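Have a look at run_28.cif below; it lists mmCIF, C-alpha atoms and all ligand atoms.
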```cif
data_target
#
loop_
_atom_site.group_PDB
_atom_site.id
_atom_site.type_symbol
_atom_site.label_atom_id
_atom_site.label_comp_id
_atom_site.auth_asym_id
_atom_site.auth_seq_id
_atom_site.Cartn_x
_atom_site.Cartn_y
_atom_site.Cartn_z
ATOM 1 C CA MET A 1 83.350 167.970 16.849
ATOM 2 C CA ALA A 2 85.418 168.814 19.928
ATOM 3 C CA ARG A 3 87.149 172.191 19.632
ATOM 4 C CA ARG A 4 90.500 170.577 20.375
ATOM 5 C CA ALA A 5 90.095 168.002 17.614
ATOM 6 C CA ARG A 6 89.203 170.764 15.165
ATOM 7 C CA ALA A 7 92.279 172.711 16.244
ATOM 8 C CA VAL A 8 94.484 169.652 15.807
ATOM 9 C CA ALA A 9 93.075 169.007 12.327
ATOM 10 C CA GLU A 10 93.345 172.618 11.217
ATOM 11 C CA ALA A 11 96.774 173.175 12.684
ATOM 12 C CA LYS A 12 98.007 170.237 10.663
ATOM 13 C CA ALA A 13 96.279 171.317 7.450
ATOM 14 C CA PRO A 14 97.962 174.325 5.878
ATOM 15 C CA ALA A 15 97.413 173.102 2.311
ATOM 16 C CA ALA A 16 94.024 172.929 0.596
ATOM 17 C CA LEU A 17 94.205 169.195 0.063
ATOM 18 C CA LEU A 18 95.050 167.968 3.552
ATOM 19 C CA LEU A 19 92.331 166.123 5.424
ATOM 20 C CA ARG A 20 90.754 168.776 7.629
ATOM 21 C CA LEU A 21 87.646 170.190 9.223
ATOM 22 C CA THR A 22 86.451 173.581 7.925
ATOM 23 C CA PRO A 23 83.219 175.628 7.840
ATOM 24 C CA ALA A 24 80.601 175.751 5.066
ATOM 25 C CA VAL A 25 81.103 177.340 1.623
ATOM 26 C CA GLU A 26 79.191 179.690 -0.737
ATOM 27 C CA PRO A 27 76.666 178.430 -3.305
ATOM 28 C CA GLY A 28 77.423 178.506 -7.059
ATOM 29 C CA ASP A 29 75.157 177.442 -9.934
ATOM 30 C CA PHE A 30 74.711 174.304 -12.008
ATOM 31 C CA HIS A 31 73.062 172.581 -14.969
ATOM 32 C CA ALA A 32 71.945 169.138 -16.088
ATOM 33 C CA MET A 33 72.589 167.000 -19.209
ATOM 34 C CA ALA A 34 70.971 163.846 -20.646
ATOM 35 C CA HIS A 35 73.534 161.222 -19.602
ATOM 36 C CA PRO A 36 76.349 163.233 -18.063
ATOM 37 C CA SER A 37 79.386 161.643 -16.529
ATOM 38 C CA ILE A 38 78.818 161.146 -12.826
ATOM 39 C CA VAL A 39 80.945 161.448 -9.720
ATOM 40 C CA VAL A 40 79.496 159.816 -6.616
ATOM 41 C CA LEU A 41 80.958 160.690 -3.212
ATOM 42 C CA SER A 42 80.101 158.251 -0.441
ATOM 43 C CA GLY A 43 80.634 158.454 3.303
ATOM 44 C CA ALA A 44 80.075 156.400 6.418
ATOM 45 C CA GLY A 45 76.272 156.687 6.202
ATOM 46 C CA ILE A 46 76.139 154.297 3.253
ATOM 47 C CA SER A 47 77.710 151.542 5.374
ATOM 48 C CA LYS A 48 75.680 152.205 8.524
ATOM 49 C CA GLU A 49 73.001 149.660 7.617
ATOM 50 C CA SER A 50 75.745 147.101 6.974
ATOM 51 C CA GLY A 51 76.479 147.364 10.697
ATOM 52 C CA LEU A 52 79.484 149.727 10.617
ATOM 53 C CA ASP A 53 79.617 152.824 12.833
ATOM 54 C CA THR A 54 79.527 156.321 11.360
ATOM 55 C CA PHE A 55 81.784 158.988 12.903
ATOM 56 C CA ARG A 56 79.647 161.949 13.946
ATOM 57 C CA ASP A 57 76.234 160.463 14.700
ATOM 58 C CA LYS A 58 75.276 160.267 18.393
ATOM 59 C CA ASP A 59 76.521 156.665 18.560
ATOM 60 C CA GLY A 60 79.394 157.343 16.125
ATOM 61 C CA LEU A 61 83.075 156.476 16.557
ATOM 62 C CA TRP A 62 84.126 160.000 17.482
ATOM 63 C CA ALA A 63 81.689 159.919 20.410
ATOM 64 C CA LYS A 64 83.605 156.943 21.818
ATOM 65 C CA VAL A 65 87.207 157.811 21.081
ATOM 66 C CA ARG A 66 89.054 161.071 20.416
ATOM 67 C CA ILE A 67 90.391 161.842 16.949
ATOM 68 C CA GLU A 68 93.682 163.050 18.408
ATOM 69 C CA ASP A 69 94.200 159.706 20.191
ATOM 70 C CA VAL A 70 93.787 157.428 17.170
ATOM 71 C CA ALA A 71 93.556 159.306 13.869
ATOM 72 C CA THR A 72 96.601 161.560 13.559
ATOM 73 C CA PRO A 73 100.253 160.838 12.718
ATOM 74 C CA GLU A 74 101.149 162.280 16.147
ATOM 75 C CA ALA A 75 98.903 159.753 17.894
ATOM 76 C CA PHE A 76 100.646 156.928 16.038
ATOM 77 C CA GLU A 77 104.063 158.281 16.926
ATOM 78 C CA ARG A 78 103.084 158.711 20.573
ATOM 79 C CA ASP A 79 101.253 155.426 21.086
ATOM 80 C CA PRO A 80 101.329 153.075 18.087
ATOM 81 C CA GLY A 81 99.916 150.218 20.180
ATOM 82 C CA ARG A 82 96.736 152.175 20.899
ATOM 83 C CA VAL A 83 96.297 153.208 17.271
ATOM 84 C CA HIS A 84 96.906 149.649 16.061
ATOM 85 C CA ALA A 85 94.375 148.337 18.621
ATOM 86 C CA PHE A 86 91.735 150.807 17.341
ATOM 87 C CA TYR A 87 92.167 149.785 13.697
ATOM 88 C CA ASN A 88 92.627 146.072 14.541
ATOM 89 C CA GLU A 89 89.212 146.126 16.208
ATOM 90 C CA ARG A 90 87.632 147.881 13.236
ATOM 91 C CA ARG A 91 89.311 145.423 10.838
ATOM 92 C CA ARG A 92 87.887 142.476 12.802
ATOM 93 C CA GLY A 93 84.483 144.179 12.740
ATOM 94 C CA LEU A 94 84.624 144.570 8.969
ATOM 95 C CA ARG A 95 85.527 140.889 8.567
ATOM 96 C CA ASN A 96 82.522 139.813 10.660
ATOM 97 C CA SER A 97 80.292 137.744 8.379
ATOM 98 C CA ASN A 98 77.270 139.842 9.387
ATOM 99 C CA VAL A 99 78.808 142.897 7.720
ATOM 100 C CA GLN A 100 77.713 142.782 4.076
ATOM 101 C CA PRO A 101 77.035 145.306 1.305
ATOM 102 C CA THR A 102 73.461 146.602 1.199
ATOM 103 C CA ALA A 103 71.040 147.506 -1.572
ATOM 104 C CA ALA A 104 72.645 150.978 -1.576
ATOM 105 C CA HIS A 105 76.121 149.631 -2.384
ATOM 106 C CA ARG A 106 74.637 147.309 -5.009
ATOM 107 C CA ALA A 107 72.638 150.110 -6.644
ATOM 108 C CA LEU A 108 75.860 152.106 -7.193
ATOM 109 C CA ALA A 109 77.551 149.068 -8.740
ATOM 110 C CA GLU A 110 74.588 148.702 -11.101
ATOM 111 C CA LEU A 111 74.763 152.403 -11.964
ATOM 112 C CA GLU A 112 78.431 152.030 -12.930
ATOM 113 C CA GLN A 113 77.619 149.002 -15.062
ATOM 114 C CA ARG A 114 74.600 150.414 -16.925
ATOM 115 C CA TRP A 115 75.077 154.193 -17.156
ATOM 116 C CA PRO A 116 76.079 155.206 -20.738
ATOM 117 C CA SER A 117 78.784 157.622 -19.523
ATOM 118 C CA GLU A 118 81.554 157.369 -16.949
ATOM 119 C CA VAL A 119 80.679 156.851 -13.290
ATOM 120 C CA LEU A 120 83.494 157.384 -10.784
ATOM 121 C CA LEU A 121 82.779 156.392 -7.202
ATOM 122 C CA VAL A 122 84.895 158.307 -4.699
ATOM 123 C CA THR A 123 84.526 156.959 -1.200
ATOM 124 C CA GLN A 124 85.730 158.353 2.094
ATOM 125 C CA ASN A 125 85.064 154.920 3.557
ATOM 126 C CA ILE A 126 87.921 152.594 4.377
ATOM 127 C CA ASP A 127 85.693 149.504 4.294
ATOM 128 C CA ASP A 128 85.545 147.265 1.211
ATOM 129 C CA LEU A 129 81.762 147.123 0.837
ATOM 130 C CA HIS A 130 81.638 148.987 -2.490
ATOM 131 C CA GLU A 131 84.011 146.533 -4.163
ATOM 132 C CA ARG A 132 82.214 143.573 -2.591
ATOM 133 C CA ALA A 133 78.995 144.940 -4.138
ATOM 134 C CA GLY A 134 80.664 145.016 -7.564
ATOM 135 C CA SER A 135 81.942 148.599 -8.016
ATOM 136 C CA HIS A 136 85.181 148.792 -10.047
ATOM 137 C CA LYS A 137 85.756 152.486 -10.858
ATOM 138 C CA LEU A 138 86.405 153.329 -7.228
ATOM 139 C CA VAL A 139 88.773 155.644 -5.386
ATOM 140 C CA HIS A 140 89.378 155.112 -1.652
ATOM 141 C CA MET A 141 90.447 158.683 -0.918
ATOM 142 C CA HIS A 142 90.903 157.980 2.821
ATOM 143 C CA GLY A 143 92.648 154.626 2.303
ATOM 144 C CA GLU A 144 91.671 151.027 2.962
ATOM 145 C CA LEU A 145 91.318 149.346 6.338
ATOM 146 C CA LEU A 146 92.236 145.903 5.030
ATOM 147 C CA LYS A 147 95.623 147.079 3.781
ATOM 148 C CA ALA A 148 98.817 147.831 5.679
ATOM 149 C CA ARG A 149 101.522 150.165 4.391
ATOM 150 C CA CYS A 150 105.214 149.904 5.205
ATOM 151 C CA ALA A 151 106.819 153.185 6.273
ATOM 152 C CA HIS A 152 110.216 151.792 5.244
ATOM 153 C CA CYS A 153 109.564 150.601 1.683
ATOM 154 C CA GLY A 154 106.050 151.908 0.921
ATOM 155 C CA ALA A 155 104.722 148.440 0.004
ATOM 156 C CA LEU A 156 101.025 147.745 0.515
ATOM 157 C CA ASP A 157 99.932 144.426 1.962
ATOM 158 C CA GLY A 158 96.334 143.233 2.003
ATOM 159 C CA GLY A 159 96.909 139.859 3.608
ATOM 160 C CA LEU A 160 97.632 140.795 7.227
ATOM 161 C CA ASP A 161 95.265 140.467 10.185
ATOM 162 C CA ASP A 162 96.089 142.407 13.351
ATOM 163 C CA LEU A 163 98.928 144.926 12.981
ATOM 164 C CA SER A 164 101.518 145.596 15.688
ATOM 165 C CA ILE A 165 104.890 147.285 16.050
ATOM 166 C CA GLU A 166 106.515 143.831 16.248
ATOM 167 C CA LEU A 167 105.389 142.827 12.741
ATOM 168 C CA VAL A 168 107.934 142.452 9.940
ATOM 169 C CA CYS A 169 107.082 143.842 6.489
ATOM 170 C CA PRO A 170 106.617 140.896 4.096
ATOM 171 C CA ALA A 171 108.199 142.975 1.285
ATOM 172 C CA CYS A 172 111.371 144.513 2.830
ATOM 173 C CA ARG A 173 111.670 142.372 6.001
ATOM 174 C CA GLU A 174 112.074 145.494 8.178
ATOM 175 C CA GLN A 175 110.359 145.422 11.567
ATOM 176 C CA GLY A 176 108.094 148.117 13.014
ATOM 177 C CA GLY A 177 107.201 150.074 9.886
ATOM 178 C CA LEU A 178 103.737 148.712 9.170
ATOM 179 C CA ARG A 179 100.820 151.099 9.663
ATOM 180 C CA PRO A 180 97.155 151.028 8.645
ATOM 181 C CA HIS A 181 96.760 152.234 5.038
ATOM 182 C CA VAL A 182 94.381 154.972 6.155
ATOM 183 C CA VAL A 183 94.600 158.755 5.792
ATOM 184 C CA TRP A 184 94.760 160.470 9.177
ATOM 185 C CA PHE A 185 93.926 164.105 9.964
ATOM 186 C CA GLY A 186 96.734 166.297 8.700
ATOM 187 C CA GLU A 187 97.652 163.840 5.913
ATOM 188 C CA MET A 188 97.008 164.069 2.181
ATOM 189 C CA PRO A 189 94.008 162.098 0.873
ATOM 190 C CA LEU A 190 94.783 159.700 -1.974
ATOM 191 C CA GLU A 191 94.396 160.097 -5.760
ATOM 192 C CA MET A 192 93.331 163.758 -5.556
ATOM 193 C CA ASP A 193 94.453 164.528 -9.138
ATOM 194 C CA ARG A 194 92.221 161.797 -10.515
ATOM 195 C CA ILE A 195 89.311 162.974 -8.348
ATOM 196 C CA TYR A 196 89.558 166.670 -9.297
ATOM 197 C CA GLU A 197 89.945 165.751 -12.958
ATOM 198 C CA ALA A 198 86.678 163.755 -12.801
ATOM 199 C CA LEU A 199 84.938 166.499 -10.791
ATOM 200 C CA GLY A 200 86.026 169.060 -13.380
ATOM 201 C CA ARG A 201 84.222 167.354 -16.239
ATOM 202 C CA CYS A 202 81.240 165.667 -14.529
ATOM 203 C CA GLY A 203 77.682 166.789 -15.189
ATOM 204 C CA LEU A 204 76.178 165.167 -12.121
ATOM 205 C CA PHE A 205 77.575 164.969 -8.607
ATOM 206 C CA ILE A 206 75.861 162.769 -6.026
ATOM 207 C CA SER A 207 76.882 162.921 -2.368
ATOM 208 C CA ILE A 208 75.717 160.006 -0.228
ATOM 209 C CA GLY A 209 75.881 159.389 3.526
ATOM 210 C CA THR A 210 78.405 162.028 4.474
ATOM 211 C CA SER A 211 78.010 164.791 7.046
ATOM 212 C CA GLY A 212 80.093 167.301 5.066
ATOM 213 C CA ASN A 213 82.441 168.036 7.963
ATOM 214 C CA VAL A 214 85.729 166.828 6.514
ATOM 215 C CA TYR A 215 87.646 168.550 3.733
ATOM 216 C CA PRO A 216 88.643 168.246 0.964
ATOM 217 C CA ALA A 217 85.658 165.898 0.299
ATOM 218 C CA ALA A 218 83.203 168.397 1.791
ATOM 219 C CA GLY A 219 84.394 170.960 -0.783
ATOM 220 C CA PHE A 220 83.639 168.784 -3.834
ATOM 221 C CA VAL A 221 80.091 170.125 -4.113
ATOM 222 C CA GLN A 222 81.358 173.690 -4.394
ATOM 223 C CA GLU A 223 84.051 172.556 -6.868
ATOM 224 C CA VAL A 224 81.555 170.978 -9.282
ATOM 225 C CA ARG A 225 79.200 173.952 -9.061
ATOM 226 C CA GLN A 226 81.941 176.424 -9.852
ATOM 227 C CA VAL A 227 84.215 174.474 -12.181
ATOM 228 C CA ALA A 228 82.032 171.842 -13.854
ATOM 229 C CA ARG A 229 78.747 173.642 -13.173
ATOM 230 C CA ALA A 230 77.298 170.197 -12.588
ATOM 231 C CA ARG A 231 73.953 169.244 -11.108
ATOM 232 C CA THR A 232 74.353 168.404 -7.435
ATOM 233 C CA VAL A 233 72.360 165.871 -5.425
ATOM 234 C CA GLU A 234 72.499 164.984 -1.748
ATOM 235 C CA LEU A 235 71.222 161.597 -0.513
ATOM 236 C CA ASN A 236 71.548 161.352 3.251
ATOM 237 C CA LEU A 237 69.701 160.460 6.410
ATOM 238 C CA GLU A 238 69.462 164.138 7.310
ATOM 239 C CA PRO A 239 70.676 167.457 5.846
ATOM 240 C CA SER A 240 74.478 167.662 5.909
ATOM 241 C CA GLU A 241 76.580 170.730 6.794
ATOM 242 C CA GLY A 242 76.555 171.855 3.156
ATOM 243 C CA ALA A 243 72.973 170.765 2.375
ATOM 244 C CA THR A 244 71.908 174.122 0.910
ATOM 245 C CA LEU A 245 74.552 173.795 -1.821
ATOM 246 C CA PHE A 246 72.748 170.819 -3.360
ATOM 247 C CA GLU A 247 70.123 171.441 -6.024
ATOM 248 C CA GLU A 248 68.298 168.219 -5.262
ATOM 249 C CA ARG A 249 68.063 166.511 -1.862
ATOM 250 C CA HIS A 250 66.519 163.286 -0.633
ATOM 251 C CA TYR A 251 66.572 162.220 2.998
ATOM 252 C CA GLY A 252 66.124 158.744 4.478
ATOM 253 C CA PRO A 253 68.076 155.514 5.012
ATOM 254 C CA ALA A 254 70.590 154.804 2.249
ATOM 255 C CA THR A 255 69.042 151.374 1.564
ATOM 256 C CA GLU A 256 65.857 153.142 0.484
ATOM 257 C CA ILE A 257 66.860 156.419 -1.099
ATOM 258 C CA VAL A 258 69.939 155.274 -3.043
ATOM 259 C CA PRO A 259 68.256 152.381 -4.946
ATOM 260 C CA ALA A 260 65.230 154.636 -5.587
ATOM 261 C CA TYR A 261 67.409 157.438 -6.979
ATOM 262 C CA VAL A 262 69.466 155.049 -9.122
ATOM 263 C CA ARG A 263 66.247 153.470 -10.457
ATOM 264 C CA ARG A 264 65.074 156.924 -11.573
ATOM 265 C CA LEU A 265 68.427 157.638 -13.254
ATOM 266 C CA LEU A 266 68.369 154.318 -15.090
ATOM 267 C CA ALA A 267 64.689 154.479 -16.046
ATOM 268 C CA ASP A 268 65.393 155.581 -19.622
ATOM 269 C CA VAL A 269 68.627 153.585 -20.058
ATOM 270 C CA ALA A 270 68.271 150.382 -22.079
HETATM 271 N N1 LIG A 301 71.641 156.237 5.481
HETATM 272 C C1 LIG A 301 72.119 157.408 4.971
HETATM 273 N N2 LIG A 301 72.850 158.268 5.688
HETATM 274 C C2 LIG A 301 73.108 157.957 6.956
HETATM 275 C C3 LIG A 301 72.647 156.766 7.562
HETATM 276 C C4 LIG A 301 71.886 155.890 6.754
HETATM 277 N N3 LIG A 301 71.396 154.727 7.222
HETATM 278 N N4 LIG A 301 73.064 156.737 8.851
HETATM 279 C C5 LIG A 301 73.757 157.872 9.057
HETATM 280 N N5 LIG A 301 73.782 158.617 7.924
HETATM 281 C C6 LIG A 301 74.414 159.910 7.683
HETATM 282 C C7 LIG A 301 74.469 160.793 8.910
HETATM 283 O O1 LIG A 301 73.275 161.538 9.046
HETATM 284 C C8 LIG A 301 75.677 161.671 8.611
HETATM 285 O O2 LIG A 301 75.286 162.841 7.911
HETATM 286 O O3 LIG A 301 75.741 159.685 7.324
HETATM 287 C C9 LIG A 301 76.538 160.801 7.681
HETATM 288 C C10 LIG A 301 77.797 160.286 8.334
HETATM 289 O O4 LIG A 301 78.641 161.350 8.637
HETATM 290 P P1 LIG A 301 80.040 161.134 9.377
HETATM 291 O O5 LIG A 301 79.865 160.234 10.531
HETATM 292 O O6 LIG A 301 80.616 162.470 9.624
HETATM 293 O O7 LIG A 301 80.898 160.329 8.291
HETATM 294 P P2 LIG A 301 81.673 160.890 7.029
HETATM 295 O O8 LIG A 301 81.004 162.114 6.498
HETATM 296 O O9 LIG A 301 81.882 159.757 6.109
HETATM 297 O O10 LIG A 301 83.053 161.301 7.680
HETATM 298 C C11 LIG A 301 84.078 161.782 6.834
HETATM 299 O O11 LIG A 301 85.532 161.835 8.704
HETATM 300 O O12 LIG A 301 86.702 161.133 10.575
HETATM 301 C C12 LIG A 301 86.646 161.135 9.242
HETATM 302 O O13 LIG A 301 88.059 159.962 7.879
HETATM 303 C C13 LIG A 301 86.801 159.846 8.486
HETATM 304 O O14 LIG A 301 86.082 159.345 6.232
HETATM 305 C C14 LIG A 301 85.678 159.902 7.473
HETATM 306 C C15 LIG A 301 85.408 161.391 7.370
#
```
Show me, as structure tokens, the structure contained in the file I just sent.
Ligand code: APR
Amino acid sequence: MARRARAVAEAKAPAALLLRLTPAVEPGDFHAMAHPSIVVLSGAGISKESGLDTFRDKDGLWAKVRIEDVATPEAFERDPGRVHAFYNERRRGLRNSNVQPTAAHRALAELEQRWPSEVLLVTQNIDDLHERAGSHKLVHMHGELLKARCAHCGALDGGLDDLSIELVCPACREQGGLRPHVVWFGEMPLEMDRIYEALGRCGLFISIGTSGNVYPAAGFVQEVRQVARARTVELNLEPSEGATLFEERHYGPATEIVPAYVRRLLADVA
């Protein structure tokens, strides 16, 4: 991560819950139960094999474009056309018929359906691949690419294609207020109360396909170890920033390691 981008993110993140980049945390301890409630955190790595770019891999989005040009409120204020163009392109990419959920997305939907206790899927991803795979108990903490939000009336609209400053909000008829319904650096991620409530009582926390660079999501593993004292599992292509905080770790492509892990969890479930 470029030093300047980190400075931008941190300067805009005085409160614990704002989207920000911060260093690693201290280990706690944890325990396991028979069929504990589960919180799954997913990141860009789970959608990589669907054909969507991650952020911090060598070929990731942040290697091609700077965070401070497209993913901050200041960038949008300065040059809304550029920010719209960035998200319009990503929206078109997501709607490409080649981009489909994988076995990893489907395995999590099956886990939600068959696990005897609650499974809450918290995703940092703004794509809709989890819901297309059949997940229902899902929180998009960084927003949703396919939705626009009106700065004037707050209405969400999921039916628009390319966004621009000329567009009129279908709800309030005001022009120029529509923005991507995504959380930018320095903004508050969504549904944090619901997420922390689930983290506080889960017995198993599974982190999938995330590099552990962006807070507050990167702090969830420490939260469950200290507050819920839950078992923690990392499933990723390679060790994340906070890898040593996870009791159990499996590395490989999400399409292999996620279905395999879910199969093991469900082995004794009727
Ligand atoms: N299977 C599993 N993991 C993978 C795969 C794969 N096929 N390909 C890549 N990964 C892993 C990478 O090794 C990396 O650890 O996925 C992780 C992706 O990390 P990031 O690109 O940093 O994405 P993420 O952690 O989701 O980013 C968090 O940063 O810029 C923001 O708001 C954006 O939600 C995003 C947040």
Wanna dump the chain A-ligand LIG 301 (chain A) contacts at 7 Å for me, each residue with its shortest atom pair and the distance in Å to one decimal, counting all atoms listed in the file, ordered by chain and number, as a tab-separated table?
```
residue	atom	partner	partner_atom	distance
A:Ser42	CA	A:LIG301	O9	7.0
A:Gly43	CA	A:LIG301	O9	3.3
A:Ala44	CA	A:LIG301	O9	3.8
A:Gly45	CA	A:LIG301	O3	3.2
A:Ile46	CA	A:LIG301	C1	5.4
A:Lys48	CA	A:LIG301	N3	5.1
A:Glu49	CA	A:LIG301	N3	5.3
A:Thr54	CA	A:LIG301	O5	4.0
A:Phe55	CA	A:LIG301	O5	3.3
A:Arg56	CA	A:LIG301	O5	3.8
A:Asp57	CA	A:LIG301	O5	5.5
A:Gly60	CA	A:LIG301	O5	6.3
A:Gln124	CA	A:LIG301	O14	4.3
A:Asn125	CA	A:LIG301	O14	5.3
A:His142	CA	A:LIG301	O14	6.1
A:Val183	CA	A:LIG301	O13	7.0
A:Trp184	CA	A:LIG301	O13	6.8
A:Ile208	CA	A:LIG301	N2	6.8
A:Gly209	CA	A:LIG301	O3	3.8
A:Thr210	CA	A:LIG301	O8	3.3
A:Ser211	CA	A:LIG301	O2	3.5
A:Gly212	CA	A:LIG301	O8	5.5
A:Asn213	CA	A:LIG301	O6	6.1
A:Val214	CA	A:LIG301	C11	5.3
A:Leu235	CA	A:LIG301	C1	7.0
A:Asn236	CA	A:LIG301	N2	4.1
A:Leu237	CA	A:LIG301	N2	3.9
A:Glu238	CA	A:LIG301	O1	4.9
A:Pro239	CA	A:LIG301	O2	6.8
A:Ser240	CA	A:LIG301	O2	5.3
A:Gly252	CA	A:LIG301	N1	6.1
A:Pro253	CA	A:LIG301	N1	3.7
A:Ala254	CA	A:LIG301	N1	3.7
A:Thr255	CA	A:LIG301	N1	6.8
```
Interface rows for range 146-215 of chain A against range 66-89 of chain A: nearest pair, Å to one decimal, 7 Å, all atoms listed in the file, as a Markdown table:
```
| residue | atom | partner | partner_atom | distance |
| --- | --- | --- | --- | --- |
| A:Asp162 | CA | A:Asn88 | CA | 5.2 |
| A:Leu163 | CA | A:His84 | CA | 6.0 |
| A:Ser164 | CA | A:His84 | CA | 6.2 |
| A:Trp184 | CA | A:Thr72 | CA | 4.9 |
| A:Phe185 | CA | A:Thr72 | CA | 5.2 |
| A:Gly186 | CA | A:Thr72 | CA | 6.8 |
```
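Taken over the whole file, the PyMOL selection byres (((chain A and resi 172-178) around 10) and not hetatm) covers exactly Pro80, His84, Lys147, Ala148, Arg149, Cys150, Ala151, His152, Cys153, Gly154, Ala155, Leu156, Asp157, Leu163, Ser164, Ile165, Glu166, Leu167, Val168, Cys169, Pro170, Ala171, Arg179, Pro180 and His181 of chain A.
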Using C-alpha atoms, can you write the selected residues to a file as a compact mmCIF listing (two decimals), in the coordinates of the input?
```txt
# COMPACT_ATOMS: atom_id res chain seq x y z
CA PRO A 80 101.33 153.07 18.09
CA HIS A 84 96.91 149.65 16.06
CA LYS A 147 95.62 147.08 3.78
CA ALA A 148 98.82 147.83 5.68
CA ARG A 149 101.52 150.16 4.39
CA CYS A 150 105.21 149.90 5.20
CA ALA A 151 106.82 153.18 6.27
CA HIS A 152 110.22 151.79 5.24
CA CYS A 153 109.56 150.60 1.68
CA GLY A 154 106.05 151.91 0.92
CA ALA A 155 104.72 148.44 0.00
CA LEU A 156 101.02 147.74 0.52
CA ASP A 157 99.93 144.43 1.96
CA LEU A 163 98.93 144.93 12.98
CA SER A 164 101.52 145.60 15.69
CA ILE A 165 104.89 147.28 16.05
CA GLU A 166 106.52 143.83 16.25
CA LEU A 167 105.39 142.83 12.74
CA VAL A 168 107.93 142.45 9.94
CA CYS A 169 107.08 143.84 6.49
CA PRO A 170 106.62 140.90 4.10
CA ALA A 171 108.20 142.98 1.28
CA ARG A 179 100.82 151.10 9.66
CA PRO A 180 97.16 151.03 8.64
CA HIS A 181 96.76 152.23 5.04
```
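Residues matched by the PyMOL selection byres (((chain A and resi 144) around 6) and not hetatm) in this structure: Ile126, Gly143, Leu145, Leu146, Lys147, His181 and Val182 of chain A.
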Do you know which residues are at most 8 Å from Val39 in chain A counting only C-alpha atoms, after dropping those on the same chain fewer than 6 positions away, and could you put them as a list in words?
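Those residues are Val119, Leu120, Leu121, Val122, Ala198, Leu199, Cys202, Leu204, Phe205 and Ile206 of chain A.
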Correct to one decimal, the distance CA of Tyr251 in chain A-CA of Arg231 in chain A is 17.4 Å
Please determine an axis-aligned box that encloses all atoms of range 106-124 of chain A listed in the file, with 4 Å added on each side, and express its centre and edge lengths in Å to one decimal as AutoDock Vina command-line options.
```
--center_x 79.2 --center_y 152.8 --center_z -9.3 --size_x 21.1 --size_y 19.0 --size_z 30.8
```
If we count all atoms listed in the file and set the cut-off at 8 Å, which residues sit around Leu18 in chain A, ignoring sequence neighbours fewer than 6 positions away in its own chain? Please answer as a VMD selection string.
chain A and resid 185 to 189 215 to 216
Could you give me, as a ChimeraX atom specification, the residues within 8 Å of His105 in chain A, counting all atoms listed in the file and dropping anything in the same chain fewer than 5 positions from it?
/A:46,129-130,133
C-alpha atoms of the current selection, written as a short mmCIF file (atom, residue, chain, number, x, y, z; two decimals), in the coordinates of the input:
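Below you can see selection-v9.cif, which holds the result:
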```cif
data_model
loop_
_atom_site.label_atom_id
_atom_site.label_comp_id
_atom_site.auth_asym_id
_atom_site.auth_seq_id
_atom_site.Cartn_x
_atom_site.Cartn_y
_atom_site.Cartn_z
CA ILE A 46 76.14 154.30 3.25
CA LEU A 129 81.76 147.12 0.84
CA HIS A 130 81.64 148.99 -2.49
CA ALA A 133 79.00 144.94 -4.14
#
```
Taking only N, CA and C atoms, show range 231-241 of chain A of the given structure as a CSV table (one decimal), in the first residue's frame.
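Okay, this is what ended up in result.csv:
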```
chain,number,residue,atom,x,y,z
A,231,ARG,N,-13.2,-20.0,18.1
A,231,ARG,CA,-12.2,-20.6,17.3
A,231,ARG,C,-12.1,-19.8,16.0
A,232,THR,N,-10.8,-19.6,15.5
A,232,THR,CA,-10.6,-18.8,14.4
A,232,THR,C,-9.9,-19.5,13.3
A,233,VAL,N,-10.4,-19.3,12.0
A,233,VAL,CA,-9.9,-20.1,10.9
A,233,VAL,C,-9.6,-19.2,9.7
A,234,GLU,N,-8.5,-19.3,9.1
A,234,GLU,CA,-8.2,-18.5,7.9
A,234,GLU,C,-8.1,-19.4,6.7
A,235,LEU,N,-8.9,-19.1,5.7
A,235,LEU,CA,-8.8,-19.8,4.4
A,235,LEU,C,-8.4,-18.8,3.3
A,236,ASN,N,-7.2,-18.9,2.8
A,236,ASN,CA,-6.7,-17.9,1.9
A,236,ASN,C,-5.7,-18.5,0.9
A,237,LEU,N,-5.4,-17.7,-0.1
A,237,LEU,CA,-4.4,-18.2,-1.0
A,237,LEU,C,-3.0,-18.2,-0.4
A,238,GLU,N,-2.8,-17.3,0.5
A,238,GLU,CA,-1.5,-17.2,1.2
A,238,GLU,C,-1.7,-16.5,2.5
A,239,PRO,N,-0.8,-16.7,3.5
A,239,PRO,CA,-1.0,-16.1,4.8
A,239,PRO,C,-1.3,-14.6,4.7
A,240,SER,N,-2.3,-14.1,5.4
A,240,SER,CA,-2.7,-12.7,5.4
A,240,SER,C,-1.8,-11.9,6.4
A,241,GLU,N,-2.1,-10.7,6.5
A,241,GLU,CA,-1.3,-9.8,7.5
A,241,GLU,C,-1.5,-10.3,8.9
```
